[in-house]
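Coordinates from query_4.tsv are shown below (TSV, N, CA and C atoms).
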```
chain	number	residue	atom	x	y	z
A	1	MET	N	-12.53	8.90	-5.16
A	1	MET	CA	-11.84	8.62	-3.91
A	1	MET	C	-12.84	7.94	-2.97
A	2	THR	N	-12.39	6.95	-2.25
A	2	THR	CA	-13.29	6.28	-1.33
A	2	THR	C	-13.70	7.23	-0.22
A	3	THR	N	-14.88	6.99	0.32
A	3	THR	CA	-15.40	7.87	1.36
A	3	THR	C	-14.49	7.89	2.58
A	4	LEU	N	-13.98	6.73	2.97
A	4	LEU	CA	-13.13	6.66	4.16
A	4	LEU	C	-11.87	7.49	3.98
A	5	VAL	N	-11.18	7.30	2.86
A	5	VAL	CA	-9.95	8.06	2.63
A	5	VAL	C	-10.27	9.54	2.52
A	6	GLY	N	-11.33	9.88	1.83
A	6	GLY	CA	-11.71	11.28	1.70
A	6	GLY	C	-11.98	11.91	3.05
A	7	SER	N	-12.57	11.16	3.96
A	7	SER	CA	-12.85	11.71	5.28
A	7	SER	C	-11.60	11.82	6.14
A	8	LEU	N	-10.54	11.10	5.79
A	8	LEU	CA	-9.32	11.12	6.58
A	8	LEU	C	-8.32	12.17	6.12
A	9	ILE	N	-8.40	12.56	4.85
A	9	ILE	CA	-7.43	13.52	4.34
A	9	ILE	C	-7.59	14.83	5.10
A	10	GLY	N	-6.47	15.40	5.49
A	10	GLY	CA	-6.48	16.64	6.26
A	10	GLY	C	-6.53	16.40	7.76
A	11	LYS	N	-6.58	15.14	8.16
A	11	LYS	CA	-6.65	14.82	9.58
A	11	LYS	C	-5.42	14.03	10.01
A	12	GLN	N	-4.29	14.37	9.45
A	12	GLN	CA	-3.08	13.59	9.69
A	12	GLN	C	-2.73	13.48	11.17
A	13	LYS	N	-3.05	14.48	11.97
A	13	LYS	CA	-2.68	14.41	13.38
A	13	LYS	C	-3.63	13.53	14.18
A	14	ASP	N	-4.87	13.33	13.69
A	14	ASP	CA	-5.84	12.52	14.41
A	14	ASP	C	-5.39	11.08	14.59
A	15	TRP	N	-4.59	10.56	13.64
A	15	TRP	CA	-4.18	9.16	13.73
A	15	TRP	C	-3.28	8.91	14.92
A	16	ARG	N	-2.74	9.97	15.50
A	16	ARG	CA	-1.84	9.80	16.64
A	16	ARG	C	-2.57	9.53	17.94
A	17	LEU	N	-3.88	9.56	17.93
A	17	LEU	CA	-4.66	9.27	19.12
A	17	LEU	C	-4.64	7.76	19.35
A	18	LYS	N	-3.69	7.33	20.12
A	18	LYS	CA	-3.48	5.90	20.29
A	18	LYS	C	-3.19	5.59	21.76
A	19	SER	N	-3.23	4.32	22.08
A	19	SER	CA	-2.90	3.87	23.43
A	19	SER	C	-2.15	2.54	23.29
A	20	ARG	N	-1.94	1.89	24.39
A	20	ARG	CA	-1.26	0.59	24.37
A	20	ARG	C	-2.19	-0.49	24.88
A	21	CYS	N	-2.11	-1.62	24.24
A	21	CYS	CA	-2.87	-2.82	24.62
A	21	CYS	C	-2.12	-3.52	25.76
A	22	ILE	N	-2.79	-4.43	26.43
A	22	ILE	CA	-2.10	-5.20	27.47
A	22	ILE	C	-0.97	-6.04	26.87
A	23	SER	N	-1.04	-6.27	25.56
A	23	SER	CA	0.02	-7.02	24.86
A	23	SER	C	1.24	-6.14	24.60
A	24	GLY	N	1.09	-4.82	24.82
A	24	GLY	CA	2.18	-3.89	24.56
A	24	GLY	C	2.11	-3.26	23.18
A	25	LYS	N	1.19	-3.73	22.36
A	25	LYS	CA	1.05	-3.19	21.01
A	25	LYS	C	0.31	-1.86	21.04
A	26	LEU	N	0.64	-1.01	20.06
A	26	LEU	CA	-0.13	0.22	19.89
A	26	LEU	C	-1.55	-0.16	19.54
A	27	SER	N	-2.50	0.57	20.08
A	27	SER	CA	-3.88	0.29	19.73
A	27	SER	C	-4.60	1.58	19.39
A	28	PHE	N	-5.58	1.45	18.53
A	28	PHE	CA	-6.36	2.58	18.07
A	28	PHE	C	-7.83	2.29	18.35
A	29	ALA	N	-8.51	3.27	18.93
A	29	ALA	CA	-9.87	3.06	19.40
A	29	ALA	C	-10.86	2.79	18.29
A	30	VAL	N	-10.66	3.40	17.13
A	30	VAL	CA	-11.60	3.21	16.03
A	30	VAL	C	-10.85	2.79	14.77
A	31	GLU	N	-11.55	2.09	13.91
A	31	GLU	CA	-10.94	1.56	12.69
A	31	GLU	C	-10.37	2.65	11.80
A	32	SER	N	-11.08	3.76	11.65
A	32	SER	CA	-10.61	4.83	10.76
A	32	SER	C	-9.28	5.40	11.22
A	33	LEU	N	-9.06	5.50	12.53
A	33	LEU	CA	-7.78	5.99	13.05
A	33	LEU	C	-6.67	4.98	12.77
A	34	ALA	N	-6.99	3.71	12.90
A	34	ALA	CA	-6.00	2.67	12.62
A	34	ALA	C	-5.61	2.67	11.15
A	35	ILE	N	-6.57	2.88	10.27
A	35	ILE	CA	-6.27	2.92	8.84
A	35	ILE	C	-5.40	4.12	8.52
A	36	GLU	N	-5.75	5.29	9.06
A	36	GLU	CA	-4.93	6.48	8.82
A	36	GLU	C	-3.53	6.29	9.38
A	37	ALA	N	-3.40	5.67	10.54
A	37	ALA	CA	-2.09	5.40	11.12
A	37	ALA	C	-1.29	4.45	10.24
A	38	LEU	N	-1.95	3.46	9.66
A	38	LEU	CA	-1.29	2.53	8.75
A	38	LEU	C	-0.76	3.28	7.53
A	39	ILE	N	-1.56	4.17	6.98
A	39	ILE	CA	-1.12	4.97	5.84
A	39	ILE	C	0.05	5.86	6.24
A	40	GLN	N	-0.06	6.53	7.38
A	40	GLN	CA	1.01	7.40	7.85
A	40	GLN	C	2.30	6.60	8.09
A	41	ASN	N	2.15	5.38	8.58
A	41	ASN	CA	3.31	4.52	8.80
A	41	ASN	C	4.02	4.24	7.49
A	42	HIS	N	3.26	4.05	6.42
A	42	HIS	CA	3.86	3.81	5.11
A	42	HIS	C	4.45	5.09	4.52
A	43	ILE	N	3.95	6.23	4.93
A	43	ILE	CA	4.53	7.50	4.49
A	43	ILE	C	5.89	7.69	5.15
A	44	ARG	N	6.00	7.42	6.41
A	44	ARG	CA	7.21	7.71	7.18
A	44	ARG	C	8.30	6.64	7.07
A	45	ASN	N	7.93	5.48	6.58
A	45	ASN	CA	8.88	4.37	6.46
A	45	ASN	C	8.82	3.82	5.05
A	46	SER	N	9.93	3.72	4.41
A	46	SER	CA	9.98	3.19	3.04
A	46	SER	C	10.10	1.67	3.09
A	47	TYR	N	8.97	1.02	3.24
A	47	TYR	CA	8.96	-0.44	3.32
A	47	TYR	C	9.10	-1.05	1.93
A	48	ARG	N	9.83	-2.14	1.87
A	48	ARG	CA	9.88	-2.95	0.65
A	48	ARG	C	8.65	-3.84	0.66
A	49	ASP	N	8.33	-4.42	-0.48
A	49	ASP	CA	7.20	-5.35	-0.54
A	49	ASP	C	7.41	-6.47	0.46
A	50	GLY	N	6.37	-6.77	1.20
A	50	GLY	CA	6.44	-7.84	2.18
A	50	GLY	C	6.99	-7.42	3.52
A	51	GLN	N	7.32	-6.14	3.69
A	51	GLN	CA	7.82	-5.66	4.97
A	51	GLN	C	6.85	-4.66	5.59
A	52	GLY	N	6.98	-4.48	6.89
A	52	GLY	CA	6.16	-3.50	7.60
A	52	GLY	C	4.73	-3.97	7.78
A	53	PRO	N	3.94	-3.16	8.45
A	53	PRO	CA	2.54	-3.53	8.66
A	53	PRO	C	1.78	-3.43	7.33
A	54	VAL	N	0.90	-4.39	7.11
A	54	VAL	CA	0.15	-4.40	5.86
A	54	VAL	C	-1.36	-4.29	6.07
A	55	ASN	N	-1.81	-4.46	7.30
A	55	ASN	CA	-3.24	-4.43	7.56
A	55	ASN	C	-3.49	-4.12	9.03
A	56	ILE	N	-4.75	-4.09	9.40
A	56	ILE	CA	-5.14	-3.87	10.78
A	56	ILE	C	-6.10	-4.99	11.19
A	57	TYR	N	-6.24	-5.18	12.49
A	57	TYR	CA	-7.19	-6.17	12.98
A	57	TYR	C	-7.74	-5.72	14.33
A	58	LEU	N	-8.92	-6.22	14.66
A	58	LEU	CA	-9.56	-5.92	15.92
A	58	LEU	C	-9.09	-6.92	16.96
A	59	CYS	N	-8.49	-6.42	18.03
A	59	CYS	CA	-7.90	-7.27	19.06
A	59	CYS	C	-8.98	-7.84	19.98
A	60	GLU	N	-8.88	-9.13	20.26
A	60	GLU	CA	-9.82	-9.78	21.17
A	60	GLU	C	-9.55	-9.43	22.63
A	61	ASP	N	-8.30	-9.03	22.94
A	61	ASP	CA	-7.94	-8.70	24.32
A	61	ASP	C	-8.43	-7.33	24.75
A	62	CYS	N	-8.21	-6.32	23.91
A	62	CYS	CA	-8.53	-4.95	24.31
A	62	CYS	C	-9.71	-4.34	23.56
A	63	GLY	N	-10.14	-4.99	22.48
A	63	GLY	CA	-11.26	-4.47	21.71
A	63	GLY	C	-10.91	-3.27	20.84
A	64	GLU	N	-9.59	-3.04	20.66
A	64	GLU	CA	-9.16	-1.94	19.81
A	64	GLU	C	-8.38	-2.50	18.62
A	65	TRP	N	-7.95	-1.62	17.73
A	65	TRP	CA	-7.32	-2.00	16.47
A	65	TRP	C	-5.81	-1.96	16.55
A	66	HIS	N	-5.15	-2.95	15.94
A	66	HIS	CA	-3.69	-3.05	15.90
A	66	HIS	C	-3.24	-3.24	14.45
A	67	PHE	N	-1.94	-2.98	14.22
A	67	PHE	CA	-1.32	-3.29	12.94
A	67	PHE	C	-0.97	-4.78	12.92
A	68	THR	N	-0.90	-5.31	11.71
A	68	THR	CA	-0.36	-6.65	11.51
A	68	THR	C	0.50	-6.66	10.25
A	69	SER	N	1.56	-7.45	10.30
A	69	SER	CA	2.41	-7.60	9.12
A	69	SER	C	2.11	-8.92	8.41
A	70	LYS	N	1.10	-9.62	8.91
A	70	LYS	CA	0.72	-10.91	8.33
A	70	LYS	C	-0.57	-10.77	7.54
A	71	GLY	N	-0.78	-11.69	6.63
A	71	GLY	CA	-2.02	-11.71	5.87
A	71	GLY	C	-1.98	-10.80	4.65
A	72	SER	N	-3.15	-10.52	4.15
A	72	SER	CA	-3.24	-9.73	2.92
A	72	SER	C	-3.13	-8.24	3.21
A	73	LYS	N	-2.69	-7.51	2.22
A	73	LYS	CA	-2.51	-6.06	2.32
A	73	LYS	C	-3.89	-5.40	2.33
A	74	HIS	N	-4.06	-4.40	3.20
A	74	HIS	CA	-5.31	-3.66	3.26
A	74	HIS	C	-5.59	-3.07	1.87
A	75	HIS	N	-6.82	-3.18	1.43
A	75	HIS	CA	-7.17	-2.76	0.07
A	75	HIS	C	-6.84	-1.29	-0.19
A	76	LEU	N	-6.86	-0.44	0.81
A	76	LEU	CA	-6.54	0.97	0.59
A	76	LEU	C	-5.07	1.19	0.25
A	77	LEU	N	-4.20	0.30	0.71
A	77	LEU	CA	-2.79	0.45	0.38
A	77	LEU	C	-2.53	0.15	-1.10
A	78	ASN	N	-3.49	-0.45	-1.77
A	78	ASN	CA	-3.39	-0.72	-3.21
A	78	ASN	C	-4.18	0.29	-4.03
A	79	ASP	N	-4.96	1.14	-3.38
A	79	ASP	CA	-5.77	2.13	-4.08
A	79	ASP	C	-4.85	3.15	-4.76
A	80	PRO	N	-5.03	3.41	-6.05
A	80	PRO	CA	-4.13	4.34	-6.75
A	80	PRO	C	-4.07	5.73	-6.12
A	81	GLU	N	-5.17	6.24	-5.64
A	81	GLU	CA	-5.16	7.57	-5.02
A	81	GLU	C	-4.40	7.56	-3.69
A	82	VAL	N	-4.54	6.49	-2.94
A	82	VAL	CA	-3.82	6.38	-1.68
A	82	VAL	C	-2.33	6.18	-1.95
A	83	ARG	N	-2.00	5.37	-2.96
A	83	ARG	CA	-0.59	5.18	-3.33
A	83	ARG	C	0.03	6.52	-3.73
A	84	GLU	N	-0.70	7.31	-4.50
A	84	GLU	CA	-0.22	8.63	-4.90
A	84	GLU	C	0.00	9.52	-3.68
A	85	ARG	N	-0.94	9.47	-2.74
A	85	ARG	CA	-0.81	10.25	-1.51
A	85	ARG	C	0.42	9.81	-0.71
A	86	ILE	N	0.61	8.51	-0.58
A	86	ILE	CA	1.76	7.99	0.16
A	86	ILE	C	3.06	8.46	-0.49
A	87	ASP	N	3.15	8.31	-1.80
A	87	ASP	CA	4.37	8.71	-2.50
A	87	ASP	C	4.63	10.21	-2.37
A	88	SER	N	3.60	11.00	-2.54
A	88	SER	CA	3.74	12.45	-2.45
A	88	SER	C	4.14	12.91	-1.05
A	89	GLU	N	3.42	12.41	-0.06
A	89	GLU	CA	3.72	12.81	1.32
A	89	GLU	C	5.05	12.23	1.80
A	90	ARG	N	5.47	11.08	1.26
A	90	ARG	CA	6.77	10.51	1.61
A	90	ARG	C	7.90	11.43	1.12
A	91	ARG	N	7.76	11.92	-0.12
A	91	ARG	CA	8.77	12.85	-0.65
A	91	ARG	C	8.84	14.10	0.21
A	92	ALA	N	7.69	14.64	0.59
A	92	ALA	CA	7.66	15.84	1.43
A	92	ALA	C	8.28	15.55	2.80
A	93	TYR	N	7.98	14.39	3.37
A	93	TYR	CA	8.53	14.01	4.67
A	93	TYR	C	10.04	13.85	4.59
A	94	GLU	N	10.53	13.22	3.53
A	94	GLU	CA	11.98	13.04	3.38
A	94	GLU	C	12.69	14.38	3.27
A	95	TRP	N	12.11	15.33	2.53
A	95	TRP	CA	12.72	16.66	2.44
A	95	TRP	C	12.68	17.38	3.78
A	96	GLU	N	11.59	17.22	4.50
A	96	GLU	CA	11.48	17.82	5.83
A	96	GLU	C	12.59	17.30	6.75
A	97	GLN	N	12.84	15.98	6.69
A	97	GLN	CA	13.87	15.37	7.52
A	97	GLN	C	15.26	15.87	7.13
A	98	ARG	N	15.50	16.07	5.86
A	98	ARG	CA	16.79	16.57	5.39
A	98	ARG	C	17.05	17.99	5.86
A	99	LEU	N	16.00	18.78	5.97
A	99	LEU	CA	16.14	20.19	6.33
A	99	LEU	C	16.19	20.42	7.83
A	100	LYS	N	16.03	19.38	8.62
A	100	LYS	CA	16.09	19.53	10.09
A	100	LYS	C	17.51	19.74	10.55
```
Can you present the structure in this file as structure tokens?
Amino acid sequence: MTTLVGSLIGKQKDWRLKSRCISGKLSFAVESLAIEALIQNHIRNSYRDGQGPVNIYLCEDCGEWHFTSKGSKHHLLNDPEVRERIDSERRAYEWEQRLK
């Protein structure tokens, strides 16, 4: 498992530490939070290929990280262990939503 993903597992609530950019976009102060938020976004939303945010970028306006749906997919979204985590947590999330 990559060091970054390993350090993020178990910190699912930390990714919610976000603010808004002057552009109105959600922004994340550090790259690791933006990556975890990107993963969580894929857990909570069943995106088809080519839909939804696929990567993050450092904003020139606010100096924080944003999602982007353009460009290449972040390499972690293709990592087999991360894909397994997304699929597993998505199933758990869907059951949680059904039981509400």
DSSP on the backbone, helix (DSSP H, G or I) only: what residues of chain A does that give? Format it as a compact mmCIF listing (two decimals) with N, CA and C atoms, keeping the file's coordinate frame.
```
# COMPACT_ATOMS: atom_id res chain seq x y z
N THR A 3 -14.88 6.99 0.32
CA THR A 3 -15.40 7.87 1.36
C THR A 3 -14.49 7.89 2.58
N LEU A 4 -13.98 6.73 2.97
CA LEU A 4 -13.13 6.66 4.16
C LEU A 4 -11.87 7.49 3.98
N VAL A 5 -11.18 7.30 2.86
CA VAL A 5 -9.95 8.06 2.63
C VAL A 5 -10.27 9.54 2.52
N GLY A 6 -11.33 9.88 1.83
CA GLY A 6 -11.71 11.28 1.70
C GLY A 6 -11.98 11.91 3.05
N SER A 7 -12.57 11.16 3.96
CA SER A 7 -12.85 11.71 5.28
C SER A 7 -11.60 11.82 6.14
N LEU A 8 -10.54 11.10 5.79
CA LEU A 8 -9.32 11.12 6.58
C LEU A 8 -8.32 12.17 6.12
N ASP A 14 -4.87 13.33 13.69
CA ASP A 14 -5.84 12.52 14.41
C ASP A 14 -5.39 11.08 14.59
N TRP A 15 -4.59 10.56 13.64
CA TRP A 15 -4.18 9.16 13.73
C TRP A 15 -3.28 8.91 14.92
N ARG A 16 -2.74 9.97 15.50
CA ARG A 16 -1.84 9.80 16.64
C ARG A 16 -2.57 9.53 17.94
N GLU A 31 -11.55 2.09 13.91
CA GLU A 31 -10.94 1.56 12.69
C GLU A 31 -10.37 2.65 11.80
N SER A 32 -11.08 3.76 11.65
CA SER A 32 -10.61 4.83 10.76
C SER A 32 -9.28 5.40 11.22
N LEU A 33 -9.06 5.50 12.53
CA LEU A 33 -7.78 5.99 13.05
C LEU A 33 -6.67 4.98 12.77
N ALA A 34 -6.99 3.71 12.90
CA ALA A 34 -6.00 2.67 12.62
C ALA A 34 -5.61 2.67 11.15
N ILE A 35 -6.57 2.88 10.27
CA ILE A 35 -6.27 2.92 8.84
C ILE A 35 -5.40 4.12 8.52
N GLU A 36 -5.75 5.29 9.06
CA GLU A 36 -4.93 6.48 8.82
C GLU A 36 -3.53 6.29 9.38
N ALA A 37 -3.40 5.67 10.54
CA ALA A 37 -2.09 5.40 11.12
C ALA A 37 -1.29 4.45 10.24
N LEU A 38 -1.95 3.46 9.66
CA LEU A 38 -1.29 2.53 8.75
C LEU A 38 -0.76 3.28 7.53
N ILE A 39 -1.56 4.17 6.98
CA ILE A 39 -1.12 4.97 5.84
C ILE A 39 0.05 5.86 6.24
N GLN A 40 -0.06 6.53 7.38
CA GLN A 40 1.01 7.40 7.85
C GLN A 40 2.30 6.60 8.09
N ASN A 41 2.15 5.38 8.58
CA ASN A 41 3.31 4.52 8.80
C ASN A 41 4.02 4.24 7.49
N HIS A 42 3.26 4.05 6.42
CA HIS A 42 3.86 3.81 5.11
C HIS A 42 4.45 5.09 4.52
N ILE A 43 3.95 6.23 4.93
CA ILE A 43 4.53 7.50 4.49
C ILE A 43 5.89 7.69 5.15
N ARG A 44 6.00 7.42 6.41
CA ARG A 44 7.21 7.71 7.18
C ARG A 44 8.30 6.64 7.07
N HIS A 75 -6.82 -3.18 1.43
CA HIS A 75 -7.17 -2.76 0.07
C HIS A 75 -6.84 -1.29 -0.19
N LEU A 76 -6.86 -0.44 0.81
CA LEU A 76 -6.54 0.97 0.59
C LEU A 76 -5.07 1.19 0.25
N LEU A 77 -4.20 0.30 0.71
CA LEU A 77 -2.79 0.45 0.38
C LEU A 77 -2.53 0.15 -1.10
N ASN A 78 -3.49 -0.45 -1.77
CA ASN A 78 -3.39 -0.72 -3.21
C ASN A 78 -4.18 0.29 -4.03
N PRO A 80 -5.03 3.41 -6.05
CA PRO A 80 -4.13 4.34 -6.75
C PRO A 80 -4.07 5.73 -6.12
N GLU A 81 -5.17 6.24 -5.64
CA GLU A 81 -5.16 7.57 -5.02
C GLU A 81 -4.40 7.56 -3.69
N VAL A 82 -4.54 6.49 -2.94
CA VAL A 82 -3.82 6.38 -1.68
C VAL A 82 -2.33 6.18 -1.95
N ARG A 83 -2.00 5.37 -2.96
CA ARG A 83 -0.59 5.18 -3.33
C ARG A 83 0.03 6.52 -3.73
N GLU A 84 -0.70 7.31 -4.50
CA GLU A 84 -0.22 8.63 -4.90
C GLU A 84 0.00 9.52 -3.68
N ARG A 85 -0.94 9.47 -2.74
CA ARG A 85 -0.81 10.25 -1.51
C ARG A 85 0.42 9.81 -0.71
N ILE A 86 0.61 8.51 -0.58
CA ILE A 86 1.76 7.99 0.16
C ILE A 86 3.06 8.46 -0.49
N ASP A 87 3.15 8.31 -1.80
CA ASP A 87 4.37 8.71 -2.50
C ASP A 87 4.63 10.21 -2.37
N SER A 88 3.60 11.00 -2.54
CA SER A 88 3.74 12.45 -2.45
C SER A 88 4.14 12.91 -1.05
N GLU A 89 3.42 12.41 -0.06
CA GLU A 89 3.72 12.81 1.32
C GLU A 89 5.05 12.23 1.80
N ARG A 90 5.47 11.08 1.26
CA ARG A 90 6.77 10.51 1.61
C ARG A 90 7.90 11.43 1.12
N ARG A 91 7.76 11.92 -0.12
CA ARG A 91 8.77 12.85 -0.65
C ARG A 91 8.84 14.10 0.21
N ALA A 92 7.69 14.64 0.59
CA ALA A 92 7.66 15.84 1.43
C ALA A 92 8.28 15.55 2.80
N TYR A 93 7.98 14.39 3.37
CA TYR A 93 8.53 14.01 4.67
C TYR A 93 10.04 13.85 4.59
N GLU A 94 10.53 13.22 3.53
CA GLU A 94 11.98 13.04 3.38
C GLU A 94 12.69 14.38 3.27
N TRP A 95 12.11 15.33 2.53
CA TRP A 95 12.72 16.66 2.44
C TRP A 95 12.68 17.38 3.78
N GLU A 96 11.59 17.22 4.50
CA GLU A 96 11.48 17.82 5.83
C GLU A 96 12.59 17.30 6.75
N GLN A 97 12.84 15.98 6.69
CA GLN A 97 13.87 15.37 7.52
C GLN A 97 15.26 15.87 7.13
N ARG A 98 15.50 16.07 5.86
CA ARG A 98 16.79 16.57 5.39
C ARG A 98 17.05 17.99 5.86
```
_Need the shell around Cys21 (chain A): protein/DNA/RNA residues with any atom at most 6.5 Å away, counting only N, CA and C atoms. Skip same-chain ones fewer than 5 positions apart. Format as a PyMOL selection string?_
chain A and resi 26-27+62
*asked:* For a test of reading the model, state the distance in Å between CA of Tyr57 (chain A) and atom N of His74 (chain A), rounded to one decimal.
replied: 10.4 Å
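The interatomic distance for the pair CA of Val30 (chain A) and CA of Val82 (chain A) works out to 19.6 Å.
When the distance limit is 8 Å and only N, CA and C atoms are what count, the residues near Asp87 (chain A), minus those fewer than 5 positions from it on the same chain, are A:His42, A:Ile43, A:Glu81, A:Val82, A:Ala92, A:Tyr93.
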Output N, CA and C atoms for every residue in that selection, as a CSV table (one decimal), in the coordinates of the input.
```csv
chain,number,residue,atom,x,y,z
A,42,HIS,N,3.3,4.0,6.4
A,42,HIS,CA,3.9,3.8,5.1
A,42,HIS,C,4.4,5.1,4.5
A,43,ILE,N,4.0,6.2,4.9
A,43,ILE,CA,4.5,7.5,4.5
A,43,ILE,C,5.9,7.7,5.2
A,81,GLU,N,-5.2,6.2,-5.6
A,81,GLU,CA,-5.2,7.6,-5.0
A,81,GLU,C,-4.4,7.6,-3.7
A,82,VAL,N,-4.5,6.5,-2.9
A,82,VAL,CA,-3.8,6.4,-1.7
A,82,VAL,C,-2.3,6.2,-2.0
A,92,ALA,N,7.7,14.6,0.6
A,92,ALA,CA,7.7,15.8,1.4
A,92,ALA,C,8.3,15.6,2.8
A,93,TYR,N,8.0,14.4,3.4
A,93,TYR,CA,8.5,14.0,4.7
A,93,TYR,C,10.0,13.8,4.6
```
